[in-house]
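Text of entry-v6.txt, listed as compact mmCIF, C-alpha atoms:
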# COMPACT_ATOMS: atom_id res chain seq x y z
CA MET I 1 117.66 -5.77 203.76
CA LYS I 2 114.59 -4.50 201.92
CA VAL I 3 111.90 -4.38 204.64
CA THR I 4 111.81 -3.92 208.40
CA VAL I 5 108.71 -5.21 210.20
CA ILE I 6 108.12 -3.72 213.67
CA ILE I 7 105.86 -5.24 216.34
CA PRO I 8 105.32 -3.34 219.62
CA VAL I 9 104.68 -5.93 222.32
CA TYR I 10 102.67 -5.25 225.47
CA LYS I 11 100.29 -7.70 227.18
CA VAL I 12 99.67 -9.82 224.08
CA GLU I 13 100.75 -13.20 225.45
CA LYS I 14 97.61 -14.90 224.04
CA TYR I 15 98.11 -13.61 220.50
CA ILE I 16 101.76 -12.80 219.81
CA ALA I 17 102.83 -16.26 218.59
CA ALA I 18 100.17 -16.20 215.86
CA THR I 19 101.09 -12.62 214.95
CA VAL I 20 104.78 -13.46 214.58
CA ARG I 21 103.99 -16.59 212.56
CA SER I 22 101.83 -14.55 210.18
CA VAL I 23 104.85 -12.34 209.50
CA LEU I 24 107.31 -15.20 209.12
CA GLN I 25 104.98 -16.93 206.63
CA GLN I 26 105.03 -14.02 204.16
CA THR I 27 105.62 -14.92 200.51
CA TYR I 28 108.13 -12.04 200.42
CA SER I 29 110.95 -13.10 202.72
CA ASP I 30 113.66 -10.41 202.56
CA PHE I 31 112.86 -8.70 205.84
CA GLU I 32 113.98 -8.30 209.42
CA LEU I 33 111.45 -8.57 212.23
CA LEU I 34 112.02 -6.22 215.17
CA ILE I 35 109.99 -7.17 218.21
CA VAL I 36 109.94 -4.26 220.65
CA ASP I 37 109.25 -5.24 224.26
CA ASP I 38 107.40 -2.21 225.63
CA GLY I 39 107.96 -3.30 229.23
CA SER I 40 105.37 -6.04 228.92
CA PRO I 41 104.61 -7.60 232.34
CA ASP I 42 103.36 -10.93 230.98
CA ALA I 43 105.12 -13.72 229.08
CA SER I 44 104.75 -12.09 225.64
CA VAL I 45 108.48 -11.70 225.06
CA GLU I 46 109.26 -15.19 226.36
CA VAL I 47 106.85 -16.55 223.74
CA CYS I 48 108.76 -14.63 221.05
CA GLN I 49 112.11 -15.92 222.33
CA ASN I 50 110.89 -19.47 221.76
CA ILE I 51 110.33 -18.80 218.04
CA CYS I 52 113.55 -19.57 216.17
CA ASP I 53 114.15 -17.52 213.04
CA PRO I 54 117.31 -15.56 212.18
CA ARG I 55 115.24 -12.60 210.97
CA ILE I 56 113.93 -11.92 214.49
CA LYS I 57 115.56 -9.36 216.78
CA ILE I 58 114.20 -8.32 220.17
CA LEU I 59 114.55 -4.75 221.47
CA ARG I 60 113.57 -3.65 224.96
CA GLN I 61 112.40 -0.48 226.69
CA HIS I 62 110.42 0.32 229.82
CA ASN I 63 106.74 0.89 229.13
CA GLN I 64 106.28 4.08 227.10
CA GLY I 65 103.45 3.19 224.74
CA PRO I 66 103.21 1.99 221.12
CA ALA I 67 104.46 5.24 219.56
CA ALA I 68 107.73 5.11 221.50
CA ALA I 69 108.04 1.38 220.76
CA ARG I 70 107.67 1.98 217.03
CA ASN I 71 110.18 4.84 217.20
CA LEU I 72 112.73 2.55 218.85
CA GLY I 73 112.18 0.01 216.10
CA ILE I 74 112.58 2.61 213.34
CA ARG I 75 115.84 3.89 214.86
CA HIS I 76 117.26 0.34 214.75
CA ALA I 77 115.78 -0.56 211.36
CA GLN I 78 117.91 -1.56 208.39
CA GLY I 79 115.14 -1.68 205.79
CA GLU I 80 114.26 0.65 202.95
CA TYR I 81 110.60 0.09 203.78
CA MET I 82 108.88 -0.05 207.18
CA ALA I 83 105.87 -2.19 208.00
CA PHE I 84 104.01 -2.20 211.31
CA ILE I 85 101.76 -4.78 212.91
CA ASP I 86 100.24 -4.74 216.38
CA GLY I 87 100.87 -7.73 218.62
CA ASP I 88 97.32 -9.08 218.41
CA ASP I 89 96.68 -8.65 214.67
CA LEU I 90 97.48 -10.95 211.74
CA TRP I 91 98.71 -10.62 208.17
CA LEU I 92 97.72 -12.75 205.21
CA PRO I 93 100.70 -14.37 203.43
CA GLN I 94 100.88 -12.00 200.44
CA LYS I 95 100.76 -8.81 202.53
CA LEU I 96 104.34 -7.60 202.02
CA GLU I 97 104.58 -8.85 198.44
CA LYS I 98 101.53 -6.90 197.28
CA HIS I 99 102.52 -3.67 199.03
CA LEU I 100 106.05 -3.76 197.66
CA GLU I 101 104.67 -4.32 194.17
CA HIS I 102 102.38 -1.33 194.66
CA LEU I 103 105.19 0.92 195.87
CA HIS I 104 107.54 -0.24 193.10
CA ASN I 105 104.95 0.58 190.46
CA SER I 106 103.96 3.92 192.05
CA PRO I 107 107.08 6.00 192.75
CA ASP I 108 105.06 8.97 194.05
CA VAL I 109 103.29 6.84 196.66
CA GLY I 110 105.02 6.87 200.03
CA VAL I 111 102.41 5.03 202.09
CA SER I 112 100.66 1.89 200.85
CA PHE I 113 97.80 0.49 202.92
CA SER I 114 95.35 -2.38 202.57
CA ARG I 115 91.85 -3.16 203.73
CA SER I 116 91.24 -5.15 206.88
CA ALA I 117 88.90 -7.94 207.97
CA PHE I 118 87.64 -7.97 211.55
CA ILE I 119 88.27 -11.05 213.69
CA ASP I 120 87.21 -11.79 217.27
CA GLU I 121 89.42 -12.61 220.22
CA ALA I 122 89.54 -16.28 219.20
CA GLY I 123 90.63 -15.35 215.68
CA HIS I 124 87.30 -16.14 214.03
CA SER I 125 86.06 -13.93 211.21
CA LEU I 126 83.27 -11.49 212.11
CA GLY I 127 82.24 -11.33 208.46
CA ILE I 128 82.71 -7.56 208.17
CA TYR I 129 85.54 -5.38 206.94
CA GLN I 130 87.25 -2.03 207.41
CA LEU I 131 86.73 -0.44 204.00
CA PRO I 132 87.69 3.18 203.34
CA THR I 133 85.48 4.88 200.78
CA LYS I 134 88.57 6.05 198.88
CA LEU I 135 91.85 4.33 198.03
CA GLN I 136 93.30 7.06 195.81
CA ASN I 137 93.47 10.87 195.68
CA ILE I 138 93.61 10.99 199.45
CA THR I 139 93.79 14.56 200.76
CA PRO I 140 94.81 15.79 204.23
CA ALA I 141 91.13 16.54 204.93
CA TYR I 142 90.23 12.93 204.11
CA VAL I 143 92.96 11.68 206.44
CA LEU I 144 91.63 13.86 209.26
CA CYS I 145 87.94 13.14 208.71
CA ARG I 146 88.07 9.48 207.68
CA ASN I 147 91.49 7.99 208.54
CA PRO I 148 91.42 5.69 205.48
CA ILE I 149 94.43 3.70 206.73
CA GLY I 150 92.16 2.52 209.51
CA ASN I 151 94.61 0.82 211.88
CA GLY I 152 98.35 0.60 212.44
CA SER I 153 98.72 -2.93 211.03
CA THR I 154 97.71 -2.13 207.46
CA LEU I 155 100.49 0.00 206.00
CA VAL I 156 103.91 -0.30 204.46
CA VAL I 157 105.80 3.02 204.23
CA ARG I 158 109.01 4.12 202.59
CA ARG I 159 111.73 4.99 205.07
CA ALA I 160 112.21 8.30 203.19
CA VAL I 161 108.68 9.31 204.22
CA LEU I 162 109.42 8.78 207.90
CA GLU I 163 112.69 10.65 207.61
CA ALA I 164 110.79 13.59 206.10
CA ILE I 165 108.55 13.93 209.19
CA LYS I 166 111.22 13.12 211.80
CA PHE I 167 111.50 15.45 214.78
CA GLU I 168 113.54 15.53 217.97
CA CYS I 169 111.91 14.95 221.33
CA ASP I 170 113.23 14.84 224.87
CA ARG I 171 112.72 11.39 226.37
CA ASN I 172 113.96 10.72 229.89
CA GLY I 173 116.59 13.45 229.71
CA THR I 174 117.96 12.47 226.31
CA THR I 175 117.14 13.78 222.84
CA GLU I 176 115.85 11.15 220.43
CA ASP I 177 114.66 11.07 216.84
CA CYS I 178 110.89 10.52 216.83
CA TYR I 179 108.53 9.66 213.99
CA PHE I 180 105.35 8.80 215.89
CA ASP I 181 104.64 11.31 218.66
CA PRO I 182 105.06 9.48 222.02
CA GLN I 183 102.85 11.97 223.86
CA PHE I 184 99.84 10.33 222.22
CA ARG I 185 98.51 6.92 223.20
CA GLY I 186 95.63 6.00 220.95
CA PRO I 187 95.57 8.57 218.14
CA GLU I 188 99.32 8.40 217.49
CA ASP I 189 98.58 6.71 214.17
CA VAL I 190 96.34 9.37 212.66
CA GLU I 191 98.60 12.13 214.03
CA CYS I 192 101.50 10.60 212.08
CA TRP I 193 99.46 10.07 208.89
CA LEU I 194 98.27 13.68 209.11
CA ARG I 195 101.84 14.99 209.33
CA ILE I 196 102.73 12.94 206.26
CA ALA I 197 99.76 14.34 204.34
CA LEU I 198 100.36 17.96 205.38
CA GLN I 199 104.15 18.20 205.54
CA THR I 200 105.33 16.07 202.61
CA THR I 201 104.50 15.63 198.93
CA TRP I 202 104.31 11.84 199.23
CA GLN I 203 100.97 10.29 198.27
CA ILE I 204 99.01 7.98 200.55
CA GLU I 205 97.29 5.26 198.56
CA GLY I 206 95.47 2.01 199.25
CA ILE I 207 95.18 -1.30 197.42
CA PRO I 208 91.84 -3.13 197.25
CA ASP I 209 93.08 -6.40 198.77
CA VAL I 210 92.08 -7.46 202.29
CA LEU I 211 95.49 -8.34 203.74
CA THR I 212 95.21 -7.51 207.46
CA LEU I 213 93.13 -9.29 210.09
CA TYR I 214 92.25 -6.73 212.77
CA ARG I 215 91.35 -8.23 216.13
CA VAL I 216 88.41 -6.69 218.00
CA ASN I 217 88.93 -7.03 221.75
CA SER I 218 85.97 -6.77 224.09
CA GLY I 219 87.95 -5.57 227.08
CA GLY I 220 87.54 -1.83 226.45
CA LEU I 221 85.42 0.18 228.87
CA SER I 222 82.82 2.57 227.51
CA ALA I 223 84.34 5.37 229.59
CA ASN I 224 87.42 5.14 227.38
CA LEU I 225 85.38 6.56 224.50
CA TYR I 226 85.51 9.99 226.09
CA LYS I 227 89.24 9.61 226.67
CA GLN I 228 89.66 8.73 223.00
CA LEU I 229 87.85 11.93 222.05
CA GLU I 230 90.02 14.01 224.38
CA ALA I 231 93.19 12.47 222.92
CA TRP I 232 91.97 13.08 219.37
CA GLU I 233 91.24 16.73 220.22
CA ARG I 234 94.85 17.04 221.40
CA VAL I 235 95.90 15.93 217.91
CA LEU I 236 93.86 18.83 216.53
CA ASP I 237 95.63 21.19 218.93
CA LYS I 238 99.06 20.01 217.79
CA THR I 239 98.12 20.22 214.12
CA ARG I 240 96.70 23.69 214.63
CA ASP I 241 100.19 24.89 215.61
CA TYR I 242 101.62 24.21 212.15
CA ALA I 243 98.47 24.22 209.96
CA PRO I 244 96.01 26.70 211.52
CA GLU I 245 94.05 27.41 208.32
CA PHE I 246 93.58 23.70 207.63
CA ILE I 247 92.21 23.06 211.14
CA ALA I 248 89.97 26.13 211.01
CA GLN I 249 88.37 24.76 207.84
CA TRP I 250 88.01 21.10 208.80
CA GLU I 251 87.77 20.94 212.60
CA LYS I 252 83.97 20.82 212.89
CA PRO I 253 83.27 18.16 210.24
CA ALA I 254 86.20 16.07 211.39
CA LYS I 255 85.04 16.24 215.01
CA ALA I 256 81.51 15.24 214.01
CA TYR I 257 82.79 12.21 212.08
CA MET I 258 84.97 11.21 215.03
CA ILE I 259 82.10 11.48 217.51
CA ARG I 260 79.87 9.46 215.18
CA TYR I 261 82.56 6.79 215.03
CA LEU I 262 82.67 6.73 218.84
CA ALA I 263 78.87 6.40 218.88
CA ARG I 264 79.21 3.26 216.76
CA ARG I 265 81.87 1.98 219.16
CA ALA I 266 79.46 2.62 222.04
CA VAL I 267 76.84 0.54 220.23
CA THR I 268 79.38 -2.27 219.87
CA LEU I 269 80.14 -2.03 223.60
CA ARG I 270 76.38 -2.11 224.34
CA ALA I 271 76.60 1.30 226.03
CA ALA I 272 73.21 2.52 224.83
CA SER I 273 72.87 5.84 226.64
CA ILE I 274 76.42 6.85 225.67
CA ALA I 275 75.74 5.92 222.04
CA VAL I 276 72.62 8.09 221.96
CA GLU I 277 74.42 10.99 223.64
CA LEU I 278 77.31 10.79 221.18
CA ILE I 279 75.25 10.66 217.99
CA HIS I 280 73.27 13.69 219.17
CA ARG I 281 76.54 15.44 219.98
CA ALA I 282 77.89 14.71 216.49
CA MET I 283 74.82 16.35 214.94
CA LEU I 284 75.16 19.39 217.17
CA VAL I 285 78.82 19.83 216.22
CA TYR I 286 78.18 19.65 212.46
CA TRP I 287 74.63 18.92 211.33
CA ARG I 288 75.65 18.67 207.66
CA ILE I 289 77.00 15.21 208.44
CA LEU I 290 73.41 14.09 207.88
CA LEU I 291 73.43 15.52 204.35
CA GLN I 292 76.94 14.37 203.46
CA GLU I 293 76.55 10.79 204.71
CA PRO I 294 72.85 10.23 205.42
CA ARG I 295 72.92 6.43 205.36
CA ARG I 296 75.76 5.94 207.83
CA THR I 297 74.55 8.72 210.12
CA LEU I 298 70.96 7.45 210.22
CA LEU I 299 72.08 3.85 210.72
CA THR I 300 74.20 4.91 213.69
CA TRP I 301 71.29 6.91 215.10
CA GLY I 302 68.89 4.00 214.60
CA ALA I 303 71.26 1.46 216.15
CA ALA I 304 71.81 3.65 219.21
CA TYR I 305 68.08 4.08 219.84
CA ALA I 306 67.30 0.43 219.07
CA LEU I 307 69.90 -0.62 221.63
CA LEU I 308 68.35 1.78 224.15
CA LEU I 309 64.69 0.91 223.60
CA LEU I 310 64.40 -2.67 222.35
CA PRO I 311 64.56 -5.82 224.48
CA GLN I 312 68.00 -7.41 224.17
CA PHE I 313 66.71 -10.50 222.33
CA PHE I 314 65.11 -8.43 219.57
CA TYR I 315 68.11 -6.16 219.32
CA ASP I 316 70.46 -9.16 219.03
CA GLN I 317 68.37 -10.54 216.16
CA MET I 318 68.34 -7.20 214.38
CA GLU I 319 72.09 -6.72 214.85
CA ALA I 320 72.89 -10.20 213.48
CA ALA I 321 70.80 -9.54 210.37
CA ALA I 322 72.37 -6.12 209.85
CA LEU I 323 75.92 -7.47 210.18
CA LYS I 324 75.16 -10.28 207.72
CA THR I 325 73.79 -7.80 205.18
CA THR I 326 76.74 -5.45 205.69
CA GLY I 327 79.25 -8.26 205.23
CA MET I 328 77.60 -9.40 201.99
CA THR I 329 77.58 -5.86 200.62
CA GLN I 330 81.22 -5.32 201.57
CA ARG I 331 82.33 -8.59 199.98
CA ARG I 332 80.61 -7.66 196.72
CA ARG I 333 82.40 -4.32 196.74
CA ILE I 334 85.78 -5.96 197.40
CA LEU I 335 85.27 -8.39 194.53
CA GLN I 336 84.27 -5.53 192.21
CA ASP I 337 87.36 -3.52 193.15
CA LEU I 338 89.66 -6.49 192.71
CA SER I 339 88.20 -7.20 189.28
CA GLY I 340 88.80 -3.57 188.28
CA GLU I 341 85.14 -2.66 187.92
CA SER I 342 85.49 0.22 190.41
CA VAL I 343 88.18 1.96 192.43

Spit out the file's structure as structure tokens when you get a sec.
Amino acid sequence: MKVTVIIPVYKVEKYIAATVRSVLQQTYSDFELLIVDDGSPDASVEVCQNICDPRIKILRQHNQGPAAARNLGIRHAQGEYMAFIDGDDLWLPQKLEKHLEHLHNSPDVGVSFSRSAFIDEAGHSLGIYQLPTKLQNITPAYVLCRNPIGNGSTLVVRRAVLEAIKFECDRNGTTEDCYFDPQFRGPEDVECWLRIALQTTWQIEGIPDVLTLYRVNSGGLSANLYKQLEAWERVLDKTRDYAPEFIAQWEKPAKAYMIRYLARRAVTLRAASIAVELIHRAMLVYWRILLQEPRRTLLTWGAAYALLLLPQFFYDQMEAAALKTTGMTQRRRILQDLSGESV
């Protein structure tokens, strides 16, 4: 068994069948698929049980969050490589094949990730992409400030990498091996990537292909943005315990980038006053963000104020034009990278 694919399942009844099918339709077929029921109260697991394929196994736990669900999957995994996909995302058919080729050809790379395309709740393309500015030479500071992996459905990782960052944690009175930290719900991904970058010599590297379809759900409340920031700050606190000099150097810029990201999320949620407050807060935390990334910072600032001040009709028109332009620019960059003109 070469690869283990792990899907945490919780309240994804509408999407899980398509997610599982996207895994089963991979051009690389030597894998097991572990579906981890994280105490889902809907019919998600029943949907999975109706899909007949000998590679599927279903594991169950009471609701503990995606980190604990992934940990359970890893502890039961037989594969040399681990791949993760959330229960509402999709993979393109060559996903596993291209990552395994990358890892085979790059023995120092422990984590291989791809780019992602955004889709809406109905599965339709939004025409824009999640594109990290760097695919190679990724440092711990870049992981903290930019999270180039982007989301938990993009990566394939060697099992040896996860074993190198394994730790014991007390769960419900028993000691278990953990890889993702179950105390985090939300930033558990970046906390894990950061441990890999800081505590191992394995390289994290991306490939230019868009192989993951990342679903954007509209159900999030704007108030959750502040909870996301609080959870992310707890990641800083944990990292400070074992890498105090690193956090002392990078905390302010990383926090500013995170708050700017949340400002963009507030714009997406149409929470204008929160977006304005957050972009101002990012500048107060680390004003050099404006010098280091002027275009993205000013665009976020402009979008927040446009949302606050313009009539909705005019804002909608402006947003549609901006998204179209962004999508065209991103597609040109993807094509250039795939043709080898840039990295």

message: Considering all atoms listed in the file, can you say which of I:Asp177, I:Tyr305, I:Asn172, I:Ala322 comes closest to I:Arg270?
response: I:Tyr305

For I:Arg288, list every protein, DNA or RNA residue within 10 Å, evaluated using all atoms listed in the file, and leave out those in the same chain fewer than 5 positions away; present the list as an mmCIF file with C-alpha atoms, in the coordinates of the input.
data_model
loop_
_atom_site.group_PDB
_atom_site.id
_atom_site.type_symbol
_atom_site.label_atom_id
_atom_site.label_comp_id
_atom_site.auth_asym_id
_atom_site.auth_seq_id
_atom_site.Cartn_x
_atom_site.Cartn_y
_atom_site.Cartn_z
ATOM 1 C CA PRO I 253 83.270 18.160 210.240
ATOM 2 C CA ALA I 256 81.510 15.240 214.010
ATOM 3 C CA ALA I 282 77.890 14.710 216.490
ATOM 4 C CA MET I 283 74.820 16.350 214.940
ATOM 5 C CA GLU I 293 76.550 10.790 204.710
ATOM 6 C CA PRO I 294 72.850 10.230 205.420
#

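You will find atom CA of I:Asp108 at 15.2 Å from atom CA of I:Leu198.
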
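Checking I:Val45, I:Ile204, I:Ile85, I:Ala321 one by one against I:Gly110, counting all atoms listed in the file, you find the shortest gap at I:Ile204.
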
task: Could you please give me, as a PyMOL selection string, the residues of protein, DNA or RNA lying at most 7 Å from (101.3, 10.6, 215.7) in the coordinate frame of the file, considering only C-alpha atoms?
output: chain I and resi 180-181+184+187-192

message: Which residues are near stretch 94-102 of chain I? Cut-off 6 Å, all atoms listed in the file, ignore same chain within fewer than 2 positions. Put them as an MDAnalysis selection string.
response: chainID I and resid 26:28 92 104:105 211

With all atoms listed in the file as the counted atoms, please give the residues lying no more than 7 Å from I:Arg70, apart from itself and same-chain residues fewer than 3 positions off, as a short mmCIF file (atom, residue, chain, number, x, y, z; two decimals) with C-alpha atoms, keeping the file's coordinate frame.
data_model
loop_
_atom_site.label_atom_id
_atom_site.label_comp_id
_atom_site.auth_asym_id
_atom_site.auth_seq_id
_atom_site.Cartn_x
_atom_site.Cartn_y
_atom_site.Cartn_z
CA ILE I 6 108.12 -3.72 213.67
CA PRO I 8 105.32 -3.34 219.62
CA PRO I 66 103.21 1.99 221.12
CA ALA I 67 104.46 5.24 219.56
CA GLY I 73 112.18 0.01 216.10
CA ILE I 74 112.58 2.61 213.34
#

With N, CA, C and O atoms as the target, complete stretch 164-177 of chain I and hand it back as a PDB file, in the coordinates of the input.
ATOM      1  N   ALA I 164     111.281  12.249 206.439  1.00  0.00           N
ATOM      2  CA  ALA I 164     110.790  13.590 206.100  1.00  0.00           C
ATOM      3  C   ALA I 164     109.971  14.213 207.213  1.00  0.00           C
ATOM      4  O   ALA I 164     109.847  15.441 207.283  1.00  0.00           O
ATOM      5  N   ILE I 165     109.380  13.384 208.095  1.00  0.00           N
ATOM      6  CA  ILE I 165     108.550  13.930 209.190  1.00  0.00           C
ATOM      7  C   ILE I 165     109.235  13.771 210.547  1.00  0.00           C
ATOM      8  O   ILE I 165     108.626  14.044 211.578  1.00  0.00           O
ATOM      9  N   LYS I 166     110.484  13.351 210.544  1.00  0.00           N
ATOM     10  CA  LYS I 166     111.220  13.120 211.800  1.00  0.00           C
ATOM     11  C   LYS I 166     111.359  14.408 212.594  1.00  0.00           C
ATOM     12  O   LYS I 166     111.532  15.485 212.032  1.00  0.00           O
ATOM     13  N   PHE I 167     111.263  14.299 213.916  1.00  0.00           N
ATOM     14  CA  PHE I 167     111.500  15.450 214.780  1.00  0.00           C
ATOM     15  C   PHE I 167     112.220  14.965 216.040  1.00  0.00           C
ATOM     16  O   PHE I 167     112.224  13.770 216.351  1.00  0.00           O
ATOM     17  N   GLU I 168     112.838  15.878 216.736  1.00  0.00           N
ATOM     18  CA  GLU I 168     113.540  15.530 217.970  1.00  0.00           C
ATOM     19  C   GLU I 168     112.629  15.743 219.164  1.00  0.00           C
ATOM     20  O   GLU I 168     111.883  16.720 219.232  1.00  0.00           O
ATOM     21  N   CYS I 169     112.693  14.800 220.111  1.00  0.00           N
ATOM     22  CA  CYS I 169     111.910  14.950 221.330  1.00  0.00           C
ATOM     23  C   CYS I 169     112.772  14.533 222.523  1.00  0.00           C
ATOM     24  O   CYS I 169     113.682  13.706 222.391  1.00  0.00           O
ATOM     25  N   ASP I 170     112.485  15.110 223.645  1.00  0.00           N
ATOM     26  CA  ASP I 170     113.230  14.840 224.870  1.00  0.00           C
ATOM     27  C   ASP I 170     112.556  13.695 225.599  1.00  0.00           C
ATOM     28  O   ASP I 170     111.416  13.807 226.050  1.00  0.00           O
ATOM     29  N   ARG I 171     113.255  12.576 225.699  1.00  0.00           N
ATOM     30  CA  ARG I 171     112.720  11.390 226.370  1.00  0.00           C
ATOM     31  C   ARG I 171     113.664  10.996 227.486  1.00  0.00           C
ATOM     32  O   ARG I 171     114.809  10.613 227.261  1.00  0.00           O
ATOM     33  N   ASN I 172     113.187  11.144 228.722  1.00  0.00           N
ATOM     34  CA  ASN I 172     113.960  10.720 229.890  1.00  0.00           C
ATOM     35  C   ASN I 172     115.332  11.397 229.938  1.00  0.00           C
ATOM     36  O   ASN I 172     116.348  10.767 230.250  1.00  0.00           O
ATOM     37  N   GLY I 173     115.351  12.689 229.592  1.00  0.00           N
ATOM     38  CA  GLY I 173     116.590  13.450 229.710  1.00  0.00           C
ATOM     39  C   GLY I 173     117.521  13.338 228.541  1.00  0.00           C
ATOM     40  O   GLY I 173     118.598  13.927 228.538  1.00  0.00           O
ATOM     41  N   THR I 174     117.131  12.581 227.506  1.00  0.00           N
ATOM     42  CA  THR I 174     117.960  12.470 226.310  1.00  0.00           C
ATOM     43  C   THR I 174     117.133  12.870 225.090  1.00  0.00           C
ATOM     44  O   THR I 174     115.909  12.712 225.069  1.00  0.00           O
ATOM     45  N   THR I 175     117.810  13.377 224.077  1.00  0.00           N
ATOM     46  CA  THR I 175     117.140  13.780 222.840  1.00  0.00           C
ATOM     47  C   THR I 175     117.154  12.613 221.861  1.00  0.00           C
ATOM     48  O   THR I 175     118.209  12.038 221.597  1.00  0.00           O
ATOM     49  N   GLU I 176     115.976  12.271 221.345  1.00  0.00           N
ATOM     50  CA  GLU I 176     115.850  11.150 220.430  1.00  0.00           C
ATOM     51  C   GLU I 176     115.118  11.577 219.164  1.00  0.00           C
ATOM     52  O   GLU I 176     114.297  12.496 219.186  1.00  0.00           O
ATOM     53  N   ASP I 177     115.433  10.884 218.064  1.00  0.00           N
ATOM     54  CA  ASP I 177     114.660  11.070 216.840  1.00  0.00           C
ATOM     55  C   ASP I 177     113.313  10.368 217.007  1.00  0.00           C
ATOM     56  O   ASP I 177     113.256   9.193 217.403  1.00  0.00           O
TER      57      ASP I 177
END
